file run-v1.txt (compact mmCIF, C-alpha atoms)
# COMPACT_ATOMS: atom_id res chain seq x y z
CA MET A 75 46.90 -31.04 -72.91
CA ARG A 76 46.87 -32.03 -69.26
CA GLU A 77 50.24 -32.51 -67.61
CA LEU A 78 50.57 -36.10 -66.43
CA VAL A 79 52.81 -36.76 -63.41
CA GLY A 80 55.72 -38.91 -64.58
CA SER A 81 55.57 -37.92 -68.26
CA PRO A 82 58.86 -38.10 -70.18
CA GLY A 83 60.93 -34.95 -69.98
CA THR A 84 59.53 -33.81 -66.60
CA TRP A 85 60.91 -33.87 -63.06
CA GLY A 86 58.38 -36.55 -62.10
CA GLY A 87 59.57 -38.74 -64.95
CA LEU A 88 63.19 -38.24 -63.97
CA VAL A 89 62.48 -39.21 -60.33
CA LEU A 90 60.70 -42.39 -61.50
CA ARG A 91 63.63 -43.34 -63.75
CA ALA A 92 66.19 -42.66 -61.03
CA GLY A 93 64.21 -44.84 -58.61
CA GLN A 94 64.02 -47.65 -61.15
CA CYS A 95 67.78 -47.48 -61.76
CA SER A 96 68.72 -47.48 -58.11
CA PHE A 97 66.41 -50.33 -57.06
CA ALA A 98 67.46 -52.45 -60.06
CA GLY A 99 71.14 -51.78 -59.32
CA ALA A 100 70.66 -52.60 -55.63
CA SER A 101 68.85 -55.83 -56.52
CA ILE A 102 71.71 -56.92 -58.79
CA GLY A 103 74.31 -55.98 -56.18
CA VAL A 104 72.64 -57.94 -53.37
CA MET A 105 72.05 -60.99 -55.59
CA VAL A 106 75.61 -61.06 -56.91
CA SER A 107 77.01 -60.93 -53.38
CA ALA A 108 74.89 -63.94 -52.29
CA LEU A 109 76.94 -67.12 -52.39
CA GLY A 110 75.78 -69.79 -54.83
CA PHE A 111 73.11 -67.74 -56.64
CA ALA A 112 74.46 -69.00 -59.98
CA ASN A 113 73.14 -72.52 -59.26
CA TYR A 114 69.56 -71.30 -59.68
CA THR A 115 68.19 -70.27 -63.08
CA ALA A 116 65.54 -67.99 -61.57
CA PHE A 117 68.17 -65.87 -59.78
CA CYS A 118 70.38 -65.64 -62.89
CA TYR A 119 67.34 -64.53 -64.87
CA LEU A 120 66.60 -61.93 -62.18
CA ILE A 121 70.07 -60.45 -62.66
CA ALA A 122 69.75 -60.43 -66.46
CA SER A 123 66.34 -58.80 -66.32
CA MET A 124 67.36 -56.21 -63.73
CA GLY A 125 70.42 -55.44 -65.87
CA LEU A 126 68.22 -54.73 -68.86
CA GLN A 127 65.94 -52.62 -66.65
CA LEU A 128 68.92 -50.65 -65.38
CA LEU A 129 70.18 -49.90 -68.91
CA TRP A 130 66.76 -48.87 -70.20
CA SER A 131 65.92 -46.67 -67.20
CA PHE A 132 69.36 -45.08 -67.22
CA GLY A 133 69.01 -44.24 -70.90
CA LEU A 134 65.62 -42.63 -70.37
CA ALA A 135 66.86 -40.77 -67.28
CA CYS A 136 69.61 -39.23 -69.45
CA LEU A 137 67.00 -38.30 -72.05
CA ASP A 138 64.84 -36.69 -69.32
CA ILE A 139 67.80 -34.64 -68.09
CA TYR A 140 68.54 -33.53 -71.66
CA ALA A 141 64.90 -32.57 -72.23
CA LEU A 142 64.74 -30.67 -68.93
CA LYS A 143 67.95 -28.78 -69.72
CA MET A 144 67.04 -27.93 -73.30
CA ARG A 145 63.36 -27.39 -72.44
CA LYS A 146 62.31 -29.87 -75.14
CA ASP A 147 58.89 -31.52 -75.27
CA LEU A 148 59.29 -35.28 -75.66
CA ARG A 149 55.58 -35.93 -76.08
CA ASN A 150 55.35 -36.65 -79.80
CA PRO A 151 53.52 -39.83 -80.92
CA ILE A 152 56.53 -41.65 -82.41
CA LEU A 153 58.76 -41.10 -79.37
CA VAL A 154 55.97 -42.00 -76.93
CA SER A 155 55.22 -45.20 -78.91
CA LEU A 156 58.88 -46.15 -78.57
CA PHE A 157 58.80 -45.45 -74.81
CA VAL A 158 55.59 -47.47 -74.42
CA VAL A 159 57.06 -50.54 -76.15
CA GLY A 160 60.32 -50.37 -74.21
CA ASP A 161 58.64 -49.71 -70.87
CA TRP A 162 56.14 -52.52 -71.30
CA VAL A 163 58.73 -55.04 -72.41
CA THR A 164 61.08 -54.25 -69.52
CA ALA A 165 58.17 -54.08 -67.05
CA ILE A 166 56.88 -57.53 -68.06
CA LEU A 167 60.37 -59.04 -67.98
CA SER A 168 61.12 -57.49 -64.56
CA PHE A 169 57.84 -58.69 -63.10
CA ALA A 170 58.35 -62.19 -64.49
CA ALA A 171 61.86 -62.30 -63.04
CA ALA A 172 60.76 -61.00 -59.64
CA CYS A 173 57.84 -63.46 -59.48
CA SER A 174 59.87 -66.51 -60.49
CA ALA A 175 62.61 -65.57 -58.03
CA SER A 176 60.01 -65.13 -55.29
CA GLY A 177 58.50 -68.52 -56.17
CA VAL A 178 61.90 -70.11 -55.62
CA VAL A 179 62.55 -68.11 -52.43
CA VAL A 180 59.20 -69.21 -50.96
CA LEU A 181 60.03 -72.80 -51.90
CA PHE A 182 63.35 -72.59 -50.06
CA GLU A 183 61.90 -70.76 -47.09
CA LYS A 184 58.64 -72.56 -46.51
CA ASP A 185 58.23 -75.73 -48.55
CA VAL A 186 61.60 -77.46 -48.23
CA ASN A 187 62.94 -75.53 -45.22
CA PHE A 188 66.34 -75.03 -46.86
CA CYS A 189 66.93 -71.79 -44.99
CA LYS A 190 66.91 -73.49 -41.59
CA ARG A 191 68.37 -76.86 -42.60
CA VAL A 192 71.36 -75.65 -44.62
CA PRO A 193 73.62 -73.42 -42.51
CA GLY A 194 75.10 -70.48 -44.38
CA PHE A 195 72.48 -70.58 -47.15
CA PRO A 196 71.98 -66.88 -48.05
CA CYS A 197 68.18 -66.87 -47.85
CA GLY A 198 68.04 -63.33 -46.50
CA MET A 199 69.98 -61.95 -49.45
CA PHE A 200 67.81 -63.78 -51.97
CA GLN A 201 64.75 -62.31 -50.25
CA LEU A 202 66.17 -58.79 -50.16
CA SER A 203 67.18 -58.92 -53.82
CA THR A 204 63.72 -60.14 -54.82
CA ALA A 205 62.05 -57.43 -52.75
CA LEU A 206 64.22 -54.76 -54.41
CA ALA A 207 63.28 -56.18 -57.82
CA PHE A 208 59.60 -55.82 -56.89
CA LEU A 209 60.19 -52.20 -55.82
CA SER A 210 61.91 -51.48 -59.13
CA TRP A 211 58.99 -53.09 -60.93
CA THR A 212 56.36 -50.95 -59.15
CA LEU A 213 58.14 -47.83 -60.43
CA ILE A 214 58.50 -49.14 -63.99
CA ALA A 215 54.83 -50.18 -63.87
CA ALA A 216 53.91 -46.61 -62.95
CA SER A 217 55.99 -45.31 -65.87
CA SER A 218 54.40 -47.82 -68.24
CA LEU A 219 50.87 -46.84 -67.27
CA VAL A 220 51.63 -43.13 -67.63
CA MET A 221 53.16 -43.75 -71.08
CA PHE A 222 50.26 -45.89 -72.26
CA TRP A 223 47.74 -43.31 -71.04
CA LEU A 224 49.74 -40.57 -72.80
CA LEU A 225 49.81 -42.54 -76.06
CA ALA A 226 46.08 -43.22 -75.91
CA SER A 227 45.28 -39.55 -75.28
CA LEU A 228 47.74 -38.04 -77.78
CA MET B 260 33.68 -44.21 -81.99
CA ARG B 261 35.92 -46.87 -83.51
CA GLU B 262 35.00 -50.47 -82.83
CA LEU B 263 37.83 -52.18 -80.92
CA VAL B 264 38.24 -55.94 -81.37
CA GLY B 265 37.59 -57.59 -78.00
CA SER B 266 35.45 -54.79 -76.51
CA PRO B 267 32.90 -55.82 -73.89
CA GLY B 268 29.57 -56.87 -75.33
CA THR B 269 30.96 -57.99 -78.71
CA TRP B 270 31.66 -61.41 -80.23
CA GLY B 271 35.41 -60.76 -80.02
CA GLY B 272 35.10 -60.02 -76.30
CA LEU B 273 33.07 -63.17 -75.75
CA VAL B 274 35.65 -65.32 -77.56
CA LEU B 275 38.44 -63.83 -75.41
CA ARG B 276 36.50 -64.53 -72.20
CA ALA B 277 35.66 -68.08 -73.26
CA GLY B 278 39.34 -68.73 -74.01
CA GLN B 279 40.39 -67.34 -70.62
CA CYS B 280 37.86 -69.55 -68.85
CA SER B 281 38.82 -72.72 -70.66
CA PHE B 282 42.60 -72.30 -70.27
CA ALA B 283 42.25 -71.37 -66.59
CA GLY B 284 39.96 -74.36 -66.00
CA ALA B 285 42.34 -76.70 -67.83
CA SER B 286 45.29 -75.37 -65.83
CA ILE B 287 43.46 -76.03 -62.54
CA GLY B 288 42.40 -79.50 -63.71
CA VAL B 289 45.89 -80.57 -64.71
CA MET B 290 47.45 -79.18 -61.53
CA VAL B 291 44.90 -80.82 -59.22
CA SER B 292 45.48 -84.19 -60.87
CA ALA B 293 49.26 -83.97 -60.33
CA LEU B 294 50.28 -85.92 -57.25
CA GLY B 295 51.84 -83.87 -54.43
CA PHE B 296 51.19 -80.41 -55.81
CA ALA B 297 49.93 -79.28 -52.40
CA ASN B 298 53.45 -79.49 -50.96
CA TYR B 299 54.49 -76.45 -53.01
CA THR B 300 53.16 -72.97 -52.24
CA ALA B 301 53.68 -71.74 -55.81
CA PHE B 302 51.42 -74.43 -57.24
CA CYS B 303 48.70 -73.82 -54.63
CA TYR B 304 48.85 -70.12 -55.46
CA LEU B 305 48.53 -70.98 -59.16
CA ILE B 306 45.31 -72.85 -58.46
CA ALA B 307 43.92 -70.00 -56.33
CA SER B 308 44.78 -67.41 -58.93
CA MET B 309 43.44 -69.45 -61.85
CA GLY B 310 40.26 -70.01 -59.84
CA LEU B 311 39.78 -66.28 -59.42
CA GLN B 312 40.51 -65.81 -63.13
CA LEU B 313 37.94 -68.44 -64.02
CA LEU B 314 35.23 -66.79 -61.90
CA TRP B 315 35.92 -63.30 -63.24
CA SER B 316 36.10 -64.37 -66.91
CA PHE B 317 32.98 -66.52 -66.56
CA GLY B 318 31.08 -63.59 -65.08
CA LEU B 319 32.12 -61.27 -67.88
CA ALA B 320 31.37 -63.93 -70.51
CA CYS B 321 27.81 -64.13 -69.15
CA LEU B 322 27.57 -60.33 -69.29
CA ASP B 323 28.81 -60.40 -72.91
CA ILE B 324 26.17 -62.98 -73.86
CA TYR B 325 23.49 -60.85 -72.16
CA ALA B 326 24.69 -57.71 -73.98
CA LEU B 327 24.79 -59.52 -77.34
CA LYS B 328 21.27 -60.92 -76.87
CA MET B 329 19.73 -57.67 -75.66
CA ARG B 330 21.84 -55.55 -78.06
CA LYS B 331 23.07 -53.42 -75.17
CA ASP B 332 26.14 -51.22 -75.36
CA LEU B 333 28.40 -51.88 -72.37
CA ARG B 334 30.81 -49.09 -73.18
CA ASN B 335 29.94 -46.51 -70.56
CA PRO B 336 32.76 -45.00 -68.47
CA ILE B 337 31.70 -46.44 -65.08
CA LEU B 338 31.29 -49.98 -66.37
CA VAL B 339 34.54 -49.85 -68.35
CA SER B 340 36.42 -48.54 -65.28
CA LEU B 341 35.12 -51.51 -63.33
CA PHE B 342 36.21 -53.91 -66.08
CA VAL B 343 39.65 -52.27 -66.24
CA VAL B 344 40.25 -52.66 -62.51
CA GLY B 345 39.05 -56.27 -62.45
CA ASP B 346 40.93 -57.25 -65.59
CA TRP B 347 44.18 -55.68 -64.43
CA VAL B 348 44.02 -57.19 -60.97
CA THR B 349 43.28 -60.69 -62.29
CA ALA B 350 45.86 -60.32 -65.08
CA ILE B 351 48.62 -59.32 -62.66
CA LEU B 352 47.71 -62.11 -60.22
CA SER B 353 47.60 -64.70 -63.02
CA PHE B 354 50.93 -63.60 -64.43
CA ALA B 355 52.53 -63.62 -60.99
CA ALA B 356 51.18 -67.12 -60.34
CA ALA B 357 52.31 -68.44 -63.72
CA CYS B 358 55.78 -66.93 -63.32
CA SER B 359 56.36 -68.20 -59.80
CA ALA B 360 55.13 -71.67 -60.79
CA SER B 361 57.44 -71.63 -63.81
CA GLY B 362 60.34 -70.55 -61.58
CA VAL B 363 59.73 -73.61 -59.41
CA VAL B 364 59.26 -75.90 -62.44
CA VAL B 365 62.58 -74.74 -63.94
CA LEU B 366 64.24 -75.31 -60.57
CA PHE B 367 62.94 -78.89 -60.45
CA GLU B 368 63.70 -79.57 -64.10
CA LYS B 369 67.09 -77.99 -64.55
CA ASP B 370 68.73 -76.87 -61.32
CA VAL B 371 68.14 -79.77 -58.93
CA ASN B 372 67.25 -82.45 -61.51
CA PHE B 373 64.26 -83.65 -59.48
CA CYS B 374 62.40 -84.76 -62.60
CA LYS B 375 65.02 -87.37 -63.49
CA ARG B 376 66.15 -88.32 -59.98
CA VAL B 377 62.74 -88.82 -58.37
CA PRO B 378 60.71 -91.47 -60.22
CA GLY B 379 57.01 -90.71 -60.49
CA PHE B 380 57.46 -86.98 -59.83
CA PRO B 381 54.76 -85.36 -62.03
CA CYS B 382 57.02 -82.80 -63.74
CA GLY B 383 55.16 -83.01 -67.05
CA MET B 384 51.86 -82.12 -65.42
CA PHE B 385 53.37 -79.17 -63.54
CA GLN B 386 54.80 -77.93 -66.82
CA LEU B 387 51.54 -78.37 -68.71
CA SER B 388 49.54 -76.61 -66.00
CA THR B 389 51.98 -73.68 -65.99
CA ALA B 390 51.89 -73.44 -69.79
CA LEU B 391 48.07 -73.36 -69.72
CA ALA B 392 48.20 -70.62 -67.10
CA PHE B 393 50.45 -68.58 -69.41
CA LEU B 394 48.01 -69.09 -72.29
CA SER B 395 45.14 -67.92 -70.08
CA TRP B 396 47.22 -64.90 -69.09
CA THR B 397 47.95 -63.88 -72.72
CA LEU B 398 44.20 -63.72 -73.35
CA ILE B 399 43.45 -61.75 -70.17
CA ALA B 400 46.36 -59.43 -71.04
CA ALA B 401 44.73 -58.79 -74.43
CA SER B 402 41.42 -58.02 -72.70
CA SER B 403 43.13 -55.72 -70.21
CA LEU B 404 44.88 -53.72 -72.91
CA VAL B 405 41.68 -53.35 -74.93
CA MET B 406 39.80 -52.19 -71.81
CA PHE B 407 42.50 -49.70 -70.83
CA TRP B 408 42.64 -48.30 -74.36
CA LEU B 409 38.85 -48.02 -74.36
CA LEU B 410 38.85 -46.19 -71.03
CA ALA B 411 41.53 -43.77 -72.20
CA SER B 412 39.65 -43.00 -75.41
CA LEU B 413 36.14 -42.74 -73.92
call {"tool": "encode", "arguments": {"input": "run-v1.txt", "output": "structure tokens"}}
result
Amino acid sequence: MRELVGSPGTWGGLVLRAGQCSFAGASIGVMVSALGFANYTAFCYLIASMGLQLLWSFGLACLDIYALKMRKDLRNPILVSLFVVGDWVTAILSFAAACSASGVVVLFEKDVNFCKRVPGFPCGMFQLSTALAFLSWTLIAASSLVMFWLLASL
Amino acid sequence: MRELVGSPGTWGGLVLRAGQCSFAGASIGVMVSALGFANYTAFCYLIASMGLQLLWSFGLACLDIYALKMRKDLRNPILVSLFVVGDWVTAILSFAAACSASGVVVLFEKDVNFCKRVPGFPCGMFQLSTALAFLSWTLIAASSLVMFWLLASL
């Protein structure tokens, strides 16, 4: 079988998971430190979704490390099916959260001009957190595609 | 080769495409008839994205009808690759549009209470249009998964 970059239990997979974890964690950190984020449902949902992403990616990163240490092959159909479901669910949730947060950020920034009119409104932090969420999503999307491809070719 | 429900050039595929077209069209119609939608970037983006979705799905529906009439098999690798790329791009754009619109709708409805405070604000129409966009997306997501599976197993 061909070796796919980013498969579970490989160095590529571990790098992807680590990237997902760190971007999701950074997104949560920036959002939590922005004053008044809790007034907006979209930003609360972003935190919840990035939290789930963080837990899932961290779990799979640990599994990758274990597989690399023990030289185990994680590519059996049942395990890959489980990875596919989890990856796709977290990927869709993360993307939805990032998109709805960015919809609200654009509204604040462009449509109602909140960022200029309200002094001290942490627009920059909302933007940064949303951008980090999108970065985390691109990595989880890559993982999801690799997993789906793997499942289809197993 | 197994017959996948929703493959290009089959009745299942045609039904999926027709559903995508009609939901996307309905979403555009409802949004355009809501007063003041043009003030919000997220809603304009929803219309643009649903328009693209409508064009793409309509094109593929015509191709499906042609294939059904002429009894042609559309499942060759080059054609399926093209379908995969188009389906995935439109699916991601539609989902992003629906999510950002729903982020803004939830903000209006729940966070700033615009829907109750501003009389005549067409909240219901924004909601309906967003819901229709999500319905259109579920169908394009189904098509995308079928196409990707087909490509992986060709």
call {"tool": "interface_residues", "arguments": {"input": "run-v1.txt", "of": "chain A", "to": "chain B", "cutoff": "10 Å", "atoms": "all atoms listed in the file", "output": "PyMOL selection string"}}
result
chain A and resi 112-117+119+166+169-181+184-186+219+222-228
call {"tool": "atom_distance", "arguments": {"input": "run-v1.txt", "atom1": "CA of Leu313 in chain B", "atom2": "CA of Phe282 in chain B"}}
result
8.7 Å
call {"tool": "atom_distance", "arguments": {"input": "run-v1.txt", "atom1": "CA of Leu213 in chain A", "atom2": "CA of Leu167 in chain A"}}
result
13.7 Å
call {"tool": "calpha_fit_and_write", "arguments": {"input": "run-v1.txt", "fixed": "chain A", "moving": "chain B", "output": "compact mmCIF listing (two decimals) with C-alpha atoms, in the frame of the given file"}}
result
# COMPACT_ATOMS: atom_id res chain seq x y z
CA MET B 260 46.88 -31.03 -72.95
CA ARG B 261 46.85 -32.04 -69.29
CA GLU B 262 50.20 -32.50 -67.62
CA LEU B 263 50.56 -36.11 -66.42
CA VAL B 264 52.80 -36.75 -63.41
CA GLY B 265 55.72 -38.90 -64.57
CA SER B 266 55.59 -37.92 -68.27
CA PRO B 267 58.86 -38.10 -70.19
CA GLY B 268 60.93 -34.95 -69.97
CA THR B 269 59.54 -33.81 -66.60
CA TRP B 270 60.92 -33.86 -63.06
CA GLY B 271 58.39 -36.54 -62.08
CA GLY B 272 59.57 -38.74 -64.95
CA LEU B 273 63.19 -38.24 -63.96
CA VAL B 274 62.48 -39.20 -60.34
CA LEU B 275 60.70 -42.38 -61.50
CA ARG B 276 63.63 -43.34 -63.75
CA ALA B 277 66.19 -42.65 -61.03
CA GLY B 278 64.22 -44.84 -58.61
CA GLN B 279 64.02 -47.67 -61.17
CA CYS B 280 67.77 -47.49 -61.76
CA SER B 281 68.71 -47.48 -58.11
CA PHE B 282 66.40 -50.34 -57.07
CA ALA B 283 67.45 -52.46 -60.06
CA GLY B 284 71.13 -51.78 -59.31
CA ALA B 285 70.66 -52.61 -55.63
CA SER B 286 68.84 -55.83 -56.52
CA ILE B 287 71.71 -56.92 -58.80
CA GLY B 288 74.29 -55.98 -56.16
CA VAL B 289 72.63 -57.94 -53.38
CA MET B 290 72.05 -60.98 -55.60
CA VAL B 291 75.63 -61.06 -56.92
CA SER B 292 77.00 -60.93 -53.38
CA ALA B 293 74.88 -63.93 -52.30
CA LEU B 294 76.94 -67.11 -52.39
CA GLY B 295 75.75 -69.78 -54.84
CA PHE B 296 73.11 -67.76 -56.65
CA ALA B 297 74.44 -69.01 -59.99
CA ASN B 298 73.15 -72.52 -59.26
CA TYR B 299 69.56 -71.31 -59.69
CA THR B 300 68.18 -70.29 -63.08
CA ALA B 301 65.55 -67.98 -61.57
CA PHE B 302 68.16 -65.88 -59.80
CA CYS B 303 70.37 -65.65 -62.90
CA TYR B 304 67.33 -64.53 -64.88
CA LEU B 305 66.60 -61.92 -62.20
CA ILE B 306 70.07 -60.46 -62.67
CA ALA B 307 69.73 -60.44 -66.47
CA SER B 308 66.34 -58.80 -66.33
CA MET B 309 67.35 -56.21 -63.73
CA GLY B 310 70.41 -55.45 -65.87
CA LEU B 311 68.22 -54.74 -68.87
CA GLN B 312 65.95 -52.62 -66.66
CA LEU B 313 68.92 -50.66 -65.39
CA LEU B 314 70.19 -49.91 -68.91
CA TRP B 315 66.77 -48.86 -70.21
CA SER B 316 65.92 -46.66 -67.20
CA PHE B 317 69.38 -45.08 -67.22
CA GLY B 318 69.01 -44.24 -70.90
CA LEU B 319 65.63 -42.64 -70.38
CA ALA B 320 66.86 -40.78 -67.29
CA CYS B 321 69.61 -39.23 -69.44
CA LEU B 322 67.01 -38.29 -72.06
CA ASP B 323 64.86 -36.70 -69.32
CA ILE B 324 67.81 -34.64 -68.07
CA TYR B 325 68.55 -33.54 -71.66
CA ALA B 326 64.89 -32.58 -72.22
CA LEU B 327 64.74 -30.67 -68.92
CA LYS B 328 67.95 -28.75 -69.70
CA MET B 329 67.03 -27.92 -73.29
CA ARG B 330 63.34 -27.39 -72.43
CA LYS B 331 62.31 -29.86 -75.11
CA ASP B 332 58.90 -31.51 -75.24
CA LEU B 333 59.29 -35.27 -75.65
CA ARG B 334 55.60 -35.92 -76.08
CA ASN B 335 55.36 -36.65 -79.78
CA PRO B 336 53.52 -39.80 -80.91
CA ILE B 337 56.54 -41.64 -82.40
CA LEU B 338 58.75 -41.09 -79.37
CA VAL B 339 55.97 -42.00 -76.93
CA SER B 340 55.22 -45.20 -78.89
CA LEU B 341 58.87 -46.15 -78.56
CA PHE B 342 58.81 -45.46 -74.82
CA VAL B 343 55.60 -47.48 -74.43
CA VAL B 344 57.06 -50.53 -76.15
CA GLY B 345 60.33 -50.37 -74.21
CA ASP B 346 58.65 -49.71 -70.88
CA TRP B 347 56.14 -52.52 -71.31
CA VAL B 348 58.72 -55.05 -72.42
CA THR B 349 61.08 -54.24 -69.53
CA ALA B 350 58.18 -54.08 -67.05
CA ILE B 351 56.88 -57.51 -68.05
CA LEU B 352 60.38 -59.04 -67.98
CA SER B 353 61.12 -57.50 -64.57
CA PHE B 354 57.84 -58.69 -63.10
CA ALA B 355 58.35 -62.18 -64.49
CA ALA B 356 61.87 -62.29 -63.04
CA ALA B 357 60.76 -61.00 -59.64
CA CYS B 358 57.86 -63.46 -59.49
CA SER B 359 59.86 -66.51 -60.49
CA ALA B 360 62.62 -65.58 -58.03
CA SER B 361 60.02 -65.13 -55.29
CA GLY B 362 58.50 -68.51 -56.17
CA VAL B 363 61.90 -70.11 -55.63
CA VAL B 364 62.55 -68.11 -52.43
CA VAL B 365 59.20 -69.21 -50.96
CA LEU B 366 60.03 -72.80 -51.91
CA PHE B 367 63.36 -72.60 -50.06
CA GLU B 368 61.90 -70.75 -47.09
CA LYS B 369 58.65 -72.55 -46.51
CA ASP B 370 58.23 -75.73 -48.54
CA VAL B 371 61.60 -77.46 -48.23
CA ASN B 372 62.95 -75.54 -45.21
CA PHE B 373 66.36 -75.04 -46.84
CA CYS B 374 66.93 -71.78 -44.97
CA LYS B 375 66.90 -73.48 -41.57
CA ARG B 376 68.36 -76.85 -42.56
CA VAL B 377 71.34 -75.64 -44.59
CA PRO B 378 73.63 -73.41 -42.50
CA GLY B 379 75.11 -70.48 -44.39
CA PHE B 380 72.49 -70.59 -47.15
CA PRO B 381 72.00 -66.89 -48.05
CA CYS B 382 68.18 -66.86 -47.85
CA GLY B 383 68.05 -63.31 -46.49
CA MET B 384 69.99 -61.94 -49.43
CA PHE B 385 67.80 -63.78 -51.96
CA GLN B 386 64.76 -62.31 -50.25
CA LEU B 387 66.17 -58.79 -50.16
CA SER B 388 67.19 -58.93 -53.82
CA THR B 389 63.72 -60.14 -54.82
CA ALA B 390 62.04 -57.43 -52.74
CA LEU B 391 64.22 -54.77 -54.42
CA ALA B 392 63.28 -56.17 -57.81
CA PHE B 393 59.60 -55.81 -56.90
CA LEU B 394 60.18 -52.20 -55.82
CA SER B 395 61.92 -51.49 -59.14
CA TRP B 396 58.99 -53.10 -60.94
CA THR B 397 56.36 -50.94 -59.16
CA LEU B 398 58.15 -47.84 -60.44
CA ILE B 399 58.49 -49.14 -64.01
CA ALA B 400 54.82 -50.19 -63.87
CA ALA B 401 53.92 -46.60 -62.95
CA SER B 402 55.99 -45.31 -65.88
CA SER B 403 54.40 -47.82 -68.24
CA LEU B 404 50.87 -46.85 -67.27
CA VAL B 405 51.63 -43.14 -67.63
CA MET B 406 53.17 -43.75 -71.08
CA PHE B 407 50.26 -45.89 -72.26
CA TRP B 408 47.74 -43.32 -71.04
CA LEU B 409 49.73 -40.59 -72.79
CA LEU B 410 49.80 -42.55 -76.05
CA ALA B 411 46.06 -43.21 -75.90
CA SER B 412 45.29 -39.55 -75.27
CA LEU B 413 47.74 -38.05 -77.79
call {"tool": "atom_distance", "arguments": {"input": "run-v1.txt", "atom1": "CA of Arg145 in chain A", "atom2": "CA of Leu88 in chain A"}}
result
13.8 Å
call {"tool": "residues_near_point", "arguments": {"input": "run-v1.txt", "point": "(71.3, -50.2, -64.9)", "cutoff": "9 Å", "atoms": "only C-alpha atoms", "output": "PyMOL selection string"}}
result
chain A and resi 94-96+98-99+124-133
call {"tool": "residues_around", "arguments": {"input": "run-v1.txt", "residues": "Ser402 in chain B", "least_positions_apart": "5", "cutoff": "12 Å", "atoms": "only C-alpha atoms", "output": "PyMOL selection string"}}
result
chain B and resi 263-267+271-279+316+319-320+339+342-347+349-350+395-397+407-409
call {"tool": "closest_residue", "arguments": {"input": "run-v1.txt", "among": "A:Leu120, A:Cys189, A:Leu153, A:Val163", "to": "Ala205 in chain A", "atoms": "all atoms listed in the file"}}
result
A:Leu120
call {"tool": "axis_aligned_box", "arguments": {"input": "run-v1.txt", "around": "range 276-288 of chain B", "padding_each_side": "6 Å", "output": "JSON"}}
result
{"center_x": 40.5, "center_y": -72.0, "center_z": -68.3, "size_x": 21.6, "size_y": 27.0, "size_z": 23.5}
call {"tool": "closest_residue", "arguments": {"input": "run-v1.txt", "among": "B:Glu368, B:Gly379, B:Leu322, B:Ala392", "to": "Gly268 in chain B", "atoms": "only C-alpha atoms"}}
result
B:Leu322
